[in-house]
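Structure data follow from final.cif (mmCIF, C-alpha atoms (C1' of nucleotides)):
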```cif
data_my_file
loop_
_atom_site.label_atom_id
_atom_site.label_comp_id
_atom_site.auth_asym_id
_atom_site.auth_seq_id
_atom_site.Cartn_x
_atom_site.Cartn_y
_atom_site.Cartn_z
CA MET A 1 -249.50 14.17 164.49
CA ILE A 2 -251.61 12.36 167.03
CA HIS A 3 -250.65 12.99 170.65
CA PRO A 4 -249.05 9.91 172.25
CA LEU A 5 -251.32 10.18 175.30
CA ARG A 6 -254.36 10.22 173.03
CA LYS A 7 -253.11 7.13 171.27
CA HIS A 8 -252.62 5.51 174.64
CA ILE A 9 -256.09 6.37 175.93
CA GLU A 10 -257.74 5.37 172.67
CA GLU A 11 -256.44 1.83 173.11
CA ILE A 12 -259.28 1.61 175.62
CA ILE A 13 -261.85 4.30 174.83
CA GLU A 14 -262.58 6.52 171.81
CA LEU A 15 -262.23 10.28 172.11
CA THR A 16 -263.23 13.23 169.93
CA ASP A 17 -260.71 16.05 169.38
CA GLU A 18 -262.60 18.22 171.86
CA GLU A 19 -262.72 15.47 174.44
CA PHE A 20 -259.00 14.82 174.18
CA ASP A 21 -258.20 18.52 174.50
CA PHE A 22 -260.37 18.59 177.59
CA VAL A 23 -258.60 15.58 179.04
CA LEU A 24 -255.17 16.99 178.24
CA SER A 25 -256.04 20.31 179.88
CA HIS A 26 -256.05 18.45 183.20
CA PHE A 27 -252.42 17.38 182.77
CA GLU A 28 -249.17 19.24 183.22
CA SER A 29 -245.76 18.56 181.78
CA ILE A 30 -242.46 18.18 183.59
CA LYS A 31 -238.89 17.29 182.68
CA LYS A 32 -236.41 15.55 184.96
CA LYS A 33 -232.76 14.62 184.63
CA LYS A 34 -231.24 11.22 185.32
CA HIS A 35 -230.93 10.56 189.09
CA GLN A 36 -233.57 13.15 189.96
CA TYR A 37 -236.62 11.90 191.83
CA ILE A 38 -240.33 12.57 191.46
CA ILE A 39 -241.45 10.79 194.64
CA GLN A 40 -239.59 10.19 197.88
CA GLU A 41 -240.51 7.70 200.58
CA GLY A 42 -242.69 9.45 203.14
CA ASP A 43 -244.19 11.94 200.69
CA PHE A 44 -247.92 12.37 200.33
CA VAL A 45 -248.25 11.64 196.65
CA THR A 46 -250.67 13.93 194.84
CA ARG A 47 -249.83 13.13 191.25
CA GLU A 48 -249.98 10.26 188.85
CA TYR A 49 -247.29 10.38 186.16
CA TRP A 50 -247.36 9.22 182.58
CA VAL A 51 -244.04 8.69 180.82
CA VAL A 52 -243.73 10.52 177.50
CA GLN A 53 -240.03 9.80 177.17
CA GLY A 54 -237.46 8.23 179.46
CA CYS A 55 -237.14 5.53 182.08
CA LEU A 56 -237.87 5.46 185.82
CA LYS A 57 -237.99 3.02 188.72
CA SER A 58 -240.17 2.81 191.80
CA TYR A 59 -238.30 1.21 194.69
CA PHE A 60 -237.64 1.11 198.39
CA ILE A 61 -234.59 0.49 200.53
CA ASP A 62 -234.92 -2.15 203.23
CA ASP A 63 -233.39 -2.16 206.72
CA ASN A 64 -230.20 -3.77 205.40
CA GLY A 65 -229.76 -1.03 202.82
CA LYS A 66 -230.78 -3.32 199.98
CA GLU A 67 -232.81 -1.83 197.14
CA HIS A 68 -235.96 -3.55 195.90
CA ILE A 69 -237.58 -2.41 192.67
CA LEU A 70 -241.34 -2.64 192.38
CA GLN A 71 -241.83 -1.27 188.94
CA PHE A 72 -240.02 0.24 186.01
CA GLY A 73 -241.66 2.95 183.91
CA MET A 74 -240.89 3.56 180.28
CA GLU A 75 -242.72 5.30 177.43
CA ASN A 76 -246.53 5.04 177.75
CA TRP A 77 -246.41 3.69 181.28
CA TRP A 78 -248.10 5.19 184.32
CA ILE A 79 -246.03 5.50 187.45
CA THR A 80 -246.70 6.75 190.97
CA ASP A 81 -247.01 5.30 194.45
CA TYR A 82 -250.47 3.93 193.86
CA GLU A 83 -251.39 3.36 197.51
CA SER A 84 -250.32 6.83 198.56
CA PHE A 85 -252.06 8.43 195.58
CA VAL A 86 -255.36 6.60 196.07
CA LYS A 87 -255.55 6.56 199.87
CA GLN A 88 -253.70 9.79 200.56
CA THR A 89 -251.25 8.09 202.87
CA LYS A 90 -247.47 8.40 203.11
CA SER A 91 -245.58 6.78 200.26
CA LYS A 92 -243.72 3.56 201.03
CA THR A 93 -241.69 3.90 197.85
CA SER A 94 -239.51 6.38 195.98
CA VAL A 95 -239.52 7.03 192.24
CA ASP A 96 -236.29 8.08 190.48
CA CYS A 97 -235.32 8.73 186.90
CA ILE A 98 -232.94 6.18 185.38
CA GLU A 99 -232.68 8.38 182.27
CA ASP A 100 -233.53 11.99 181.50
CA SER A 101 -237.31 11.86 181.37
CA GLU A 102 -240.26 13.83 180.09
CA LEU A 103 -243.47 13.27 181.99
CA LEU A 104 -247.10 14.29 182.01
CA TYR A 105 -248.87 14.28 185.35
CA ILE A 106 -252.38 14.67 186.63
CA SER A 107 -253.17 15.74 190.17
CA PHE A 108 -255.54 13.84 192.42
CA GLU A 109 -258.03 16.73 192.28
CA ASN A 110 -257.92 16.98 188.51
CA ARG A 111 -258.37 13.28 188.12
CA ASP A 112 -261.35 13.44 190.44
CA LYS A 113 -262.83 16.33 188.49
CA LEU A 114 -262.17 14.70 185.16
CA THR A 115 -263.75 11.37 186.09
CA ALA A 116 -266.76 13.15 187.58
CA GLN A 117 -267.30 15.12 184.39
CA MET A 118 -266.40 12.46 181.92
CA HIS A 119 -267.65 8.97 182.58
CA LYS A 120 -265.50 7.61 179.77
CA MET A 121 -262.37 8.53 181.68
CA GLU A 122 -263.71 6.87 184.79
CA ARG A 123 -264.03 3.73 182.69
CA PHE A 124 -260.54 4.27 181.32
CA TRP A 125 -258.98 4.35 184.76
CA ALA A 126 -261.17 1.53 186.03
CA LYS A 127 -259.85 -0.58 183.18
CA LYS A 128 -256.29 0.49 183.93
CA SER A 129 -256.78 -0.44 187.56
CA LYS A 130 -258.12 -3.86 186.59
CA ASN A 131 -255.19 -4.46 184.26
CA GLY A 132 -252.76 -3.28 186.88
CA ARG A 133 -254.23 -5.73 189.35
CA ILE A 134 -253.98 -8.57 186.86
CA ALA A 135 -250.34 -7.72 186.14
CA LEU A 136 -249.52 -7.73 189.84
CA GLN A 137 -251.31 -11.04 190.31
CA ASN A 138 -249.24 -12.55 187.53
CA ARG A 139 -246.08 -11.18 189.08
CA ILE A 140 -246.93 -12.87 192.37
CA LEU A 141 -247.63 -16.07 190.46
CA SER A 142 -244.21 -15.76 188.88
CA LEU A 143 -242.46 -14.94 192.17
CA LEU A 144 -244.00 -18.06 193.73
CA LYS A 145 -243.60 -20.58 190.98
CA ASN A 146 -240.61 -19.67 188.84
CA SER A 147 -236.93 -20.22 189.50
CA THR A 148 -234.62 -17.23 189.30
CA LYS A 149 -233.54 -18.25 185.81
CA GLU A 150 -237.15 -18.58 184.66
CA LYS A 151 -238.08 -15.20 186.11
CA TYR A 152 -235.11 -13.67 184.32
CA ASP A 153 -236.06 -15.26 181.00
CA LEU A 154 -239.70 -14.23 181.33
CA LEU A 155 -238.75 -10.63 182.01
CA LEU A 156 -236.31 -10.62 179.11
CA GLU A 157 -239.01 -12.01 176.85
CA GLN A 158 -241.64 -9.50 178.03
CA TYR A 159 -239.46 -6.38 178.10
CA PRO A 160 -236.35 -6.92 175.97
CA LYS A 161 -235.84 -3.15 175.74
CA LEU A 162 -235.47 -2.90 179.48
CA PHE A 163 -232.24 -4.89 179.36
CA GLN A 164 -230.67 -2.41 177.00
CA ARG A 165 -231.66 0.55 179.12
CA VAL A 166 -231.19 -0.32 182.78
CA PRO A 167 -228.16 -1.76 184.61
CA LYS A 168 -228.25 -5.44 185.46
CA LYS A 169 -228.13 -4.74 189.16
CA MET A 170 -231.54 -3.09 188.82
CA ILE A 171 -232.90 -6.13 187.01
CA ALA A 172 -231.60 -8.12 189.98
CA ALA A 173 -233.30 -5.73 192.42
CA TYR A 174 -236.55 -6.20 190.51
CA LEU A 175 -236.31 -9.99 190.43
CA GLY A 176 -235.33 -10.19 194.10
CA VAL A 177 -231.86 -11.73 193.74
CA SER A 178 -228.34 -10.48 194.26
CA ARG A 179 -226.51 -8.99 191.28
CA GLU A 180 -223.86 -11.72 191.62
CA THR A 181 -226.44 -14.49 191.25
CA LEU A 182 -228.00 -12.73 188.27
CA SER A 183 -224.59 -12.41 186.68
CA ARG A 184 -224.00 -16.15 187.07
CA LEU A 185 -227.35 -17.23 185.62
CA ASN A 186 -226.13 -17.81 182.10
CA SER A 187 -223.05 -19.79 183.01
CA MET B 1 -281.25 -8.40 210.73
CA ILE B 2 -279.12 -6.61 208.20
CA HIS B 3 -277.84 -8.79 205.36
CA PRO B 4 -274.07 -9.41 205.63
CA LEU B 5 -273.54 -8.47 201.98
CA ARG B 6 -275.33 -5.18 202.56
CA LYS B 7 -273.13 -4.50 205.55
CA HIS B 8 -270.11 -5.28 203.39
CA ILE B 9 -271.16 -3.01 200.52
CA GLU B 10 -272.13 -0.19 202.87
CA GLU B 11 -268.56 -0.03 204.14
CA ILE B 12 -267.96 1.76 200.85
CA ILE B 13 -271.28 3.16 199.58
CA GLU B 14 -274.70 3.79 201.14
CA LEU B 15 -277.76 1.89 199.90
CA THR B 16 -281.51 2.22 200.42
CA ASP B 17 -283.53 -0.93 201.13
CA GLU B 18 -284.80 -0.93 197.55
CA GLU B 19 -281.34 -0.48 196.13
CA PHE B 20 -279.94 -3.35 198.16
CA ASP B 21 -282.80 -5.63 197.12
CA PHE B 22 -282.06 -4.71 193.53
CA VAL B 23 -278.37 -5.46 193.99
CA LEU B 24 -279.08 -8.76 195.74
CA SER B 25 -281.45 -9.84 192.96
CA HIS B 26 -278.38 -10.08 190.72
CA PHE B 27 -276.76 -12.66 192.98
CA GLU B 28 -277.38 -16.34 193.46
CA SER B 29 -276.55 -18.59 196.37
CA ILE B 30 -274.61 -21.84 196.39
CA LYS B 31 -273.34 -24.30 198.99
CA LYS B 32 -270.24 -26.45 198.65
CA LYS B 33 -268.66 -29.12 200.81
CA LYS B 34 -265.04 -29.27 201.91
CA HIS B 35 -262.77 -30.40 199.04
CA GLN B 36 -265.28 -29.42 196.36
CA TYR B 37 -264.14 -26.85 193.84
CA ILE B 38 -265.82 -23.81 192.33
CA ILE B 39 -263.15 -23.07 189.70
CA GLN B 40 -260.74 -25.39 187.93
CA GLU B 41 -257.64 -24.41 186.01
CA GLY B 42 -258.59 -23.98 182.35
CA ASP B 43 -262.20 -22.94 183.04
CA PHE B 44 -263.64 -19.79 181.59
CA VAL B 45 -264.69 -18.11 184.80
CA THR B 46 -268.07 -16.40 184.56
CA ARG B 47 -268.75 -15.72 188.21
CA GLU B 48 -267.36 -13.73 191.05
CA TYR B 49 -267.97 -15.30 194.47
CA TRP B 50 -268.54 -13.70 197.84
CA VAL B 51 -268.02 -15.83 200.93
CA VAL B 52 -270.99 -15.83 203.32
CA GLN B 53 -269.57 -18.64 205.44
CA GLY B 54 -266.58 -20.92 205.08
CA CYS B 55 -263.02 -20.90 203.81
CA LEU B 56 -261.53 -21.36 200.34
CA LYS B 57 -258.18 -21.17 198.58
CA SER B 58 -257.19 -20.11 195.07
CA TYR B 59 -254.10 -21.96 193.94
CA PHE B 60 -252.20 -23.60 191.11
CA ILE B 61 -249.99 -26.63 190.81
CA ASP B 62 -246.60 -26.10 189.17
CA ASP B 63 -244.68 -28.46 186.88
CA ASN B 64 -243.07 -30.18 189.87
CA GLY B 65 -246.46 -30.87 191.42
CA LYS B 66 -245.97 -28.23 194.08
CA GLU B 67 -249.02 -26.22 195.16
CA HIS B 68 -248.85 -22.42 195.36
CA ILE B 69 -251.64 -20.51 197.06
CA LEU B 70 -252.50 -17.08 195.74
CA GLN B 71 -255.32 -16.16 198.03
CA PHE B 72 -257.46 -17.46 200.84
CA GLY B 73 -261.11 -16.51 201.07
CA MET B 74 -263.03 -16.32 204.32
CA GLU B 75 -266.25 -14.59 205.39
CA ASN B 76 -266.84 -11.27 203.54
CA TRP B 77 -264.08 -11.91 201.02
CA TRP B 78 -264.49 -11.96 197.26
CA ILE B 79 -262.87 -14.80 195.41
CA THR B 80 -262.58 -15.79 191.75
CA ASP B 81 -259.87 -15.98 189.11
CA TYR B 82 -259.80 -12.26 188.52
CA GLU B 83 -257.94 -12.32 185.19
CA SER B 84 -260.22 -14.96 183.73
CA PHE B 85 -263.34 -13.21 185.02
CA VAL B 86 -262.37 -9.76 183.73
CA LYS B 87 -260.72 -10.72 180.45
CA GLN B 88 -262.76 -13.83 179.66
CA THR B 89 -259.67 -15.96 179.29
CA LYS B 90 -258.88 -19.42 180.64
CA SER B 91 -258.27 -19.56 184.35
CA LYS B 92 -254.68 -20.09 185.49
CA THR B 93 -255.86 -21.04 188.97
CA SER B 94 -258.28 -23.35 190.74
CA VAL B 95 -260.46 -22.49 193.71
CA ASP B 96 -261.35 -25.18 196.29
CA CYS B 97 -263.24 -25.22 199.54
CA ILE B 98 -261.10 -25.80 202.64
CA GLU B 99 -264.28 -25.96 204.72
CA ASP B 100 -267.96 -26.45 203.92
CA SER B 101 -268.85 -23.08 202.43
CA GLU B 102 -271.84 -20.94 201.63
CA LEU B 103 -271.34 -18.50 198.79
CA LEU B 104 -273.11 -15.79 196.87
CA TYR B 105 -272.08 -15.25 193.30
CA ILE B 106 -272.73 -12.75 190.54
CA SER B 107 -272.30 -13.57 186.88
CA PHE B 108 -270.26 -11.42 184.52
CA GLU B 109 -273.44 -10.39 182.67
CA ASN B 110 -275.27 -9.47 185.84
CA ARG B 111 -272.35 -7.47 187.10
CA ASP B 112 -272.23 -5.65 183.79
CA LYS B 113 -275.96 -4.94 183.92
CA LEU B 114 -275.82 -3.86 187.52
CA THR B 115 -272.94 -1.43 187.06
CA ALA B 116 -274.58 0.00 183.93
CA GLN B 117 -277.82 0.65 185.81
CA MET B 118 -276.36 1.68 189.12
CA HIS B 119 -273.37 3.96 189.06
CA LYS B 120 -272.90 3.49 192.80
CA MET B 121 -272.08 -0.17 192.25
CA GLU B 122 -269.61 0.74 189.54
CA ARG B 123 -267.92 2.91 192.13
CA PHE B 124 -268.09 0.08 194.67
CA TRP B 125 -266.28 -2.34 192.39
CA ALA B 126 -263.82 0.30 191.22
CA LYS B 127 -262.92 0.87 194.87
CA LYS B 128 -262.62 -2.88 195.45
CA SER B 129 -260.34 -3.14 192.44
CA LYS B 130 -258.15 -0.33 193.72
CA ASN B 131 -257.92 -1.92 197.15
CA GLY B 132 -257.18 -5.29 195.62
CA ARG B 133 -254.37 -3.77 193.63
CA ILE B 134 -252.92 -2.09 196.71
CA ALA B 135 -253.07 -5.36 198.65
CA LEU B 136 -251.25 -7.18 195.87
CA GLN B 137 -248.62 -4.46 195.69
CA ASN B 138 -248.01 -4.79 199.41
CA ARG B 139 -247.73 -8.55 199.07
CA ILE B 140 -245.05 -8.13 196.41
CA LEU B 141 -243.27 -5.67 198.68
CA SER B 142 -243.37 -8.27 201.42
CA LEU B 143 -242.24 -11.10 199.13
CA LEU B 144 -239.25 -8.99 198.09
CA LYS B 145 -238.15 -7.48 201.37
CA ASN B 146 -239.14 -9.81 204.21
CA SER B 147 -237.46 -12.98 205.42
CA THR B 148 -239.58 -16.11 205.67
CA LYS B 149 -239.95 -15.59 209.41
CA GLU B 150 -241.03 -12.00 208.92
CA LYS B 151 -243.59 -12.98 206.28
CA TYR B 152 -244.94 -15.63 208.63
CA ASP B 153 -245.24 -13.18 211.51
CA LEU B 154 -246.91 -10.55 209.35
CA LEU B 155 -249.49 -13.02 208.08
CA LEU B 156 -250.16 -14.26 211.59
CA GLU B 157 -250.60 -10.69 212.76
CA GLN B 158 -252.91 -9.78 209.87
CA TYR B 159 -255.04 -12.93 209.79
CA PRO B 160 -254.74 -14.77 213.11
CA LYS B 161 -257.98 -16.66 212.41
CA LEU B 162 -256.47 -18.21 209.30
CA PHE B 163 -253.97 -20.15 211.40
CA GLN B 164 -256.77 -21.82 213.34
CA ARG B 165 -258.66 -22.78 210.21
CA VAL B 166 -256.18 -23.92 207.58
CA PRO B 167 -253.39 -26.52 207.78
CA LYS B 168 -249.86 -25.22 208.14
CA LYS B 169 -248.80 -26.71 204.83
CA MET B 170 -251.24 -24.31 203.14
CA ILE B 171 -249.74 -21.38 205.01
CA ALA B 172 -246.39 -22.59 203.65
CA ALA B 173 -247.82 -22.81 200.12
CA TYR B 174 -249.05 -19.23 200.48
CA LEU B 175 -245.74 -17.90 201.79
CA GLY B 176 -243.74 -19.76 199.16
CA VAL B 177 -241.69 -22.04 201.44
CA SER B 178 -241.69 -25.75 202.15
CA ARG B 179 -243.82 -27.03 205.02
CA GLU B 180 -240.65 -28.34 206.71
CA THR B 181 -239.05 -24.90 206.74
CA LEU B 182 -242.25 -23.36 208.06
CA SER B 183 -242.38 -25.98 210.80
CA ARG B 184 -238.82 -25.09 211.85
CA LEU B 185 -239.36 -21.32 211.95
CA ASN B 186 -240.09 -21.09 215.64
CA SER B 187 -237.21 -23.22 216.80
"C1'" DT C 1 -262.86 -51.17 216.95
"C1'" DA C 2 -259.48 -51.22 213.50
"C1'" DT C 3 -257.39 -48.99 209.56
"C1'" DG C 4 -255.70 -45.56 206.74
"C1'" DA C 5 -255.00 -40.90 205.58
"C1'" DA C 6 -253.72 -36.14 206.71
"C1'" DG C 7 -251.17 -33.11 209.39
"C1'" DA C 8 -247.14 -31.94 211.63
"C1'" DG C 9 -242.39 -32.34 213.64
"C1'" DT C 10 -237.48 -33.35 212.89
"C1'" DG C 11 -232.77 -35.29 211.50
"C1'" DA C 12 -229.47 -35.68 207.59
"C1'" DT C 13 -228.04 -34.04 203.43
"C1'" DA C 14 -228.17 -31.49 198.98
"C1'" DT C 15 -228.72 -27.28 196.62
"C1'" DA C 16 -229.39 -22.55 195.61
"C1'" DT C 17 -228.33 -18.16 196.76
"C1'" DA C 18 -226.12 -14.48 199.56
"C1'" DT C 19 -222.10 -12.41 200.95
"C1'" DC C 20 -217.40 -10.84 200.75
"C1'" DA C 21 -213.42 -9.81 198.25
"C1'" DC C 22 -211.19 -8.93 194.28
"C1'" DT C 23 -210.55 -7.72 189.22
"C1'" DC C 24 -211.49 -5.59 184.84
"C1'" DT C 25 -213.67 -2.19 181.84
"C1'" DA C 26 -215.97 1.75 180.26
"C1'" DA C 27 -217.95 5.92 181.05
"C1'" DA C 28 -218.17 10.24 183.69
"C1'" DA C 29 -215.93 13.90 186.15
"C1'" DA C 30 -211.95 16.58 187.49
"C1'" DT D 1 -205.66 13.67 179.77
"C1'" DT D 2 -205.96 11.78 184.24
"C1'" DT D 3 -208.79 10.32 187.91
"C1'" DT D 4 -212.88 8.57 189.73
"C1'" DT D 5 -216.92 5.99 189.74
"C1'" DA D 6 -220.44 2.66 188.17
"C1'" DG D 7 -221.20 -1.58 186.16
"C1'" DA D 8 -220.23 -6.20 185.67
"C1'" DG D 9 -217.87 -10.78 186.19
"C1'" DT D 10 -216.07 -14.36 189.24
"C1'" DG D 11 -213.83 -17.25 193.07
"C1'" DA D 12 -214.38 -18.74 197.94
"C1'" DT D 13 -217.22 -19.37 201.64
"C1'" DA D 14 -221.41 -18.93 204.58
"C1'" DT D 15 -226.22 -19.44 205.07
"C1'" DA D 16 -230.93 -20.44 204.22
"C1'" DT D 17 -233.96 -23.46 202.38
"C1'" DA D 18 -235.38 -27.67 199.86
"C1'" DT D 19 -235.55 -32.38 199.78
"C1'" DC D 20 -235.85 -37.03 201.49
"C1'" DA D 21 -236.85 -40.13 205.01
"C1'" DC D 22 -238.84 -41.29 209.05
"C1'" DT D 23 -241.92 -40.82 213.22
"C1'" DC D 24 -245.89 -39.62 215.90
"C1'" DT D 25 -250.64 -38.08 216.46
"C1'" DT D 26 -255.25 -37.26 215.36
"C1'" DC D 27 -259.28 -37.93 213.01
"C1'" DA D 28 -262.33 -39.86 209.70
"C1'" DT D 29 -264.34 -43.98 208.07
"C1'" DA D 30 -264.58 -48.86 206.69
#
```
Just give me the structure of the file as structure tokens.
Amino acid sequence: MIHPLRKHIEEIIELTDEEFDFVLSHFESIKKKKHQYIIQEGDFVTREYWVVQGCLKSYFIDDNGKEHILQFGMENWWITDYESFVKQTKSKTSVDCIEDSELLYISFENRDKLTAQMHKMERFWAKKSKNGRIALQNRILSLLKNSTKEKYDLLLEQYPKLFQRVPKKMIAAYLGVSRETLSRLNS
Amino acid sequence: MIHPLRKHIEEIIELTDEEFDFVLSHFESIKKKKHQYIIQEGDFVTREYWVVQGCLKSYFIDDNGKEHILQFGMENWWITDYESFVKQTKSKTSVDCIEDSELLYISFENRDKLTAQMHKMERFWAKKSKNGRIALQNRILSLLKNSTKEKYDLLLEQYPKLFQRVPKKMIAAYLGVSRETLSRLNS
DNA sequence: TATGAAGAGTGATATATATCACTCTAAAAA
DNA sequence: TTTTTAGAGTGATATATATCACTCTTCATA
């Protein structure tokens, strides 16, 4: 059976068996239970995670104690504090498991090594970075132009599975509204 | 005198005179007057622009006729519709000049050629893409956590020059509030 | 010089959303 | 099984912001 990470990478670049084994040798595996964290605010983040199985959230708590969710991570998604990972600064966000999760991670050093030795993988991550930027741009577009109801509907349309897996209050924290308002949307 | 684009690129990678000339040969120059556009919604965007002199905005008009500003561009900033440029899809945004502007631009083909022939420039743009993504992430963070007043103050702190160059209603369109609310912030 | 448009401030009012308080239910823990 | 906790819905009220209408000023241009 083809490795899920290979399938994921080959959506962008082709790999031989040897190449994939080489890539995979730079990763390590880790399992976490629901409510456990992989990143805490203030950490220097040295790993980028790829979700094999499970569900996570990246978030921060503001001065009023309110949680804001930046990103969810489910199967085949990458998750980390990108700024901290890339610039080696303190993380502004935390990342917790919403479900028991199985993850693969690559360290900053290994990713550096791998991209230096394998130009294909540099292109892979460049493409991922571009796509990530586009997704964020579209989220800003949506935050600016759409009403709460529209944002809710768009998210539901894009990630229907999310609504079966995470509590509504987290959907609210992602959309930037109170859980009460979210609850009243369809009435 | 050192070329401003060279100075800009050398903040990230070093270039010899020959290398910079080679890079520059892939760009072309263009001048636009205030109110003229360089991108219109629906265009297939084939160029990425770099601002030598002037001020621009990338924006879109929603169904209610309200303008939302995604990005301003001033000296040394890159501006385009990134999604359209990278994925060769129709642009969701327009880009207009707020002042008479002088721009350099590189076509998609030339950027492709240049990165293929000059790995340094691939690294330059990869770095730019990473930084762009981080900036967008921080903007989302700010949209979610900060009050209108806080967003205003942060923008003023980060880009004080912007407030002397663009009308307040555009600042409002960038922050996602009405011009009336913005006008009442400091009272 | 006169005229009109763009920018900006502000009062009155409408509307959306937050906040607080309470209830109900189902799942997790004792 | 009983107890506790998390999730979710909802009424009442407070608050922030949008919207509409009007004014004043400045600047471009006819």
For this structure, which residues satisfy the selection - the PyMOL selection byres ((chain D) within 10 of (chain A)) - when it is evaluated on the file as given? I want them as a PDB file with C-alpha atoms (C1' of nucleotides), in the coordinates of the input.
```
ATOM      1  C1'  DA D   6    -220.440   2.660 188.170  1.00  0.00           C
ATOM      2  C1'  DG D   7    -221.200  -1.580 186.160  1.00  0.00           C
ATOM      3  C1'  DA D   8    -220.230  -6.200 185.670  1.00  0.00           C
ATOM      4  C1'  DG D   9    -217.870 -10.780 186.190  1.00  0.00           C
ATOM      5  C1'  DT D  10    -216.070 -14.360 189.240  1.00  0.00           C
TER       6       DT D  10
END
```
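Taken over the shown file, the PyMOL selection byres ((chain C) within 10 of (chain A)) identifies C:DA16, C:DT17, C:DA18, C:DT19.
Using all atoms listed in the file, the smallest distance between any of B:Glu150, B:Glu157, B:Asp63, B:Glu10 and chain A comes from B:Asp63.
Residue-level contact on chain A: within 6 Å of chain B, counting all atoms listed in the file, the set is Glu83, Ala126, Arg133, Ile134, Leu144 and Gly176 of chain A.
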Determine, counting only C-alpha atoms (C1' of nucleotides), which protein, DNA and RNA residues have an atom within 10 Å of an atom of segment 22-28 of chain D; residues of the same chain fewer than 6 positions away are not included. Present the result as a PDB file with C-alpha atoms (C1' of nucleotides), in the coordinates of the input.
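The file below, out-v2.pdb, is the result:
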```pdb
ATOM      1  C1'  DG C   4    -255.700 -45.560 206.740  1.00  0.00           C
ATOM      2  C1'  DA C   5    -255.000 -40.900 205.580  1.00  0.00           C
ATOM      3  C1'  DA C   6    -253.720 -36.140 206.710  1.00  0.00           C
ATOM      4  C1'  DG C   7    -251.170 -33.110 209.390  1.00  0.00           C
ATOM      5  C1'  DA C   8    -247.140 -31.940 211.630  1.00  0.00           C
ATOM      6  C1'  DG C   9    -242.390 -32.340 213.640  1.00  0.00           C
ATOM      7  C1'  DT C  10    -237.480 -33.350 212.890  1.00  0.00           C
ATOM      8  C1'  DG C  11    -232.770 -35.290 211.500  1.00  0.00           C
TER       9       DG C  11
END
```
| said: Would you pick out the contacts of Ile30 of chain B at 8 Å or less, using all atoms listed in the file, so that residues sharing its chain but fewer than 5 positions from it are not included, and give the list as a list in words? | reply: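 My list of contacting residues is Glu102, Leu103, Leu104 and Tyr105 of chain B.
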Near Lys31 of chain A, within 12 Å and counting only C-alpha atoms (C1' of nucleotides), which residues show up once chain neighbours fewer than 5 positions away are dropped, as a PDB file with C-alpha atoms, in the frame of the given file?
```pdb
ATOM      1  CA  GLN A  36    -233.570  13.150 189.960  1.00  0.00           C
ATOM      2  CA  TYR A  37    -236.620  11.900 191.830  1.00  0.00           C
ATOM      3  CA  ILE A  38    -240.330  12.570 191.460  1.00  0.00           C
ATOM      4  CA  TYR A  49    -247.290  10.380 186.160  1.00  0.00           C
ATOM      5  CA  TRP A  50    -247.360   9.220 182.580  1.00  0.00           C
ATOM      6  CA  VAL A  51    -244.040   8.690 180.820  1.00  0.00           C
ATOM      7  CA  VAL A  52    -243.730  10.520 177.500  1.00  0.00           C
ATOM      8  CA  GLN A  53    -240.030   9.800 177.170  1.00  0.00           C
ATOM      9  CA  GLY A  54    -237.460   8.230 179.460  1.00  0.00           C
ATOM     10  CA  CYS A  55    -237.140   5.530 182.080  1.00  0.00           C
ATOM     11  CA  CYS A  97    -235.320   8.730 186.900  1.00  0.00           C
ATOM     12  CA  GLU A  99    -232.680   8.380 182.270  1.00  0.00           C
ATOM     13  CA  ASP A 100    -233.530  11.990 181.500  1.00  0.00           C
ATOM     14  CA  SER A 101    -237.310  11.860 181.370  1.00  0.00           C
ATOM     15  CA  GLU A 102    -240.260  13.830 180.090  1.00  0.00           C
ATOM     16  CA  LEU A 103    -243.470  13.270 181.990  1.00  0.00           C
ATOM     17  CA  LEU A 104    -247.100  14.290 182.010  1.00  0.00           C
ATOM     18  CA  TYR A 105    -248.870  14.280 185.350  1.00  0.00           C
TER      19      TYR A 105
END
```
| field | Test item: the PyMOL selection byres ((chain C and resi 30) around 9) resolved as a ChimeraX atom specification | value | /C:29 /D:2-4
| atom CA of Leu162 of chain A and atom CA of Lys33 of chain A, how far apart in Å? | 18.5 Å
| said: as an NGL selection string, please: the residues near DT13 of chain D (cut-off 10 Å, all atoms listed in the file, same-chain neighbours under 2 positions excluded). | reply: (:C and (19-20)) or (:D and (11 or 15))
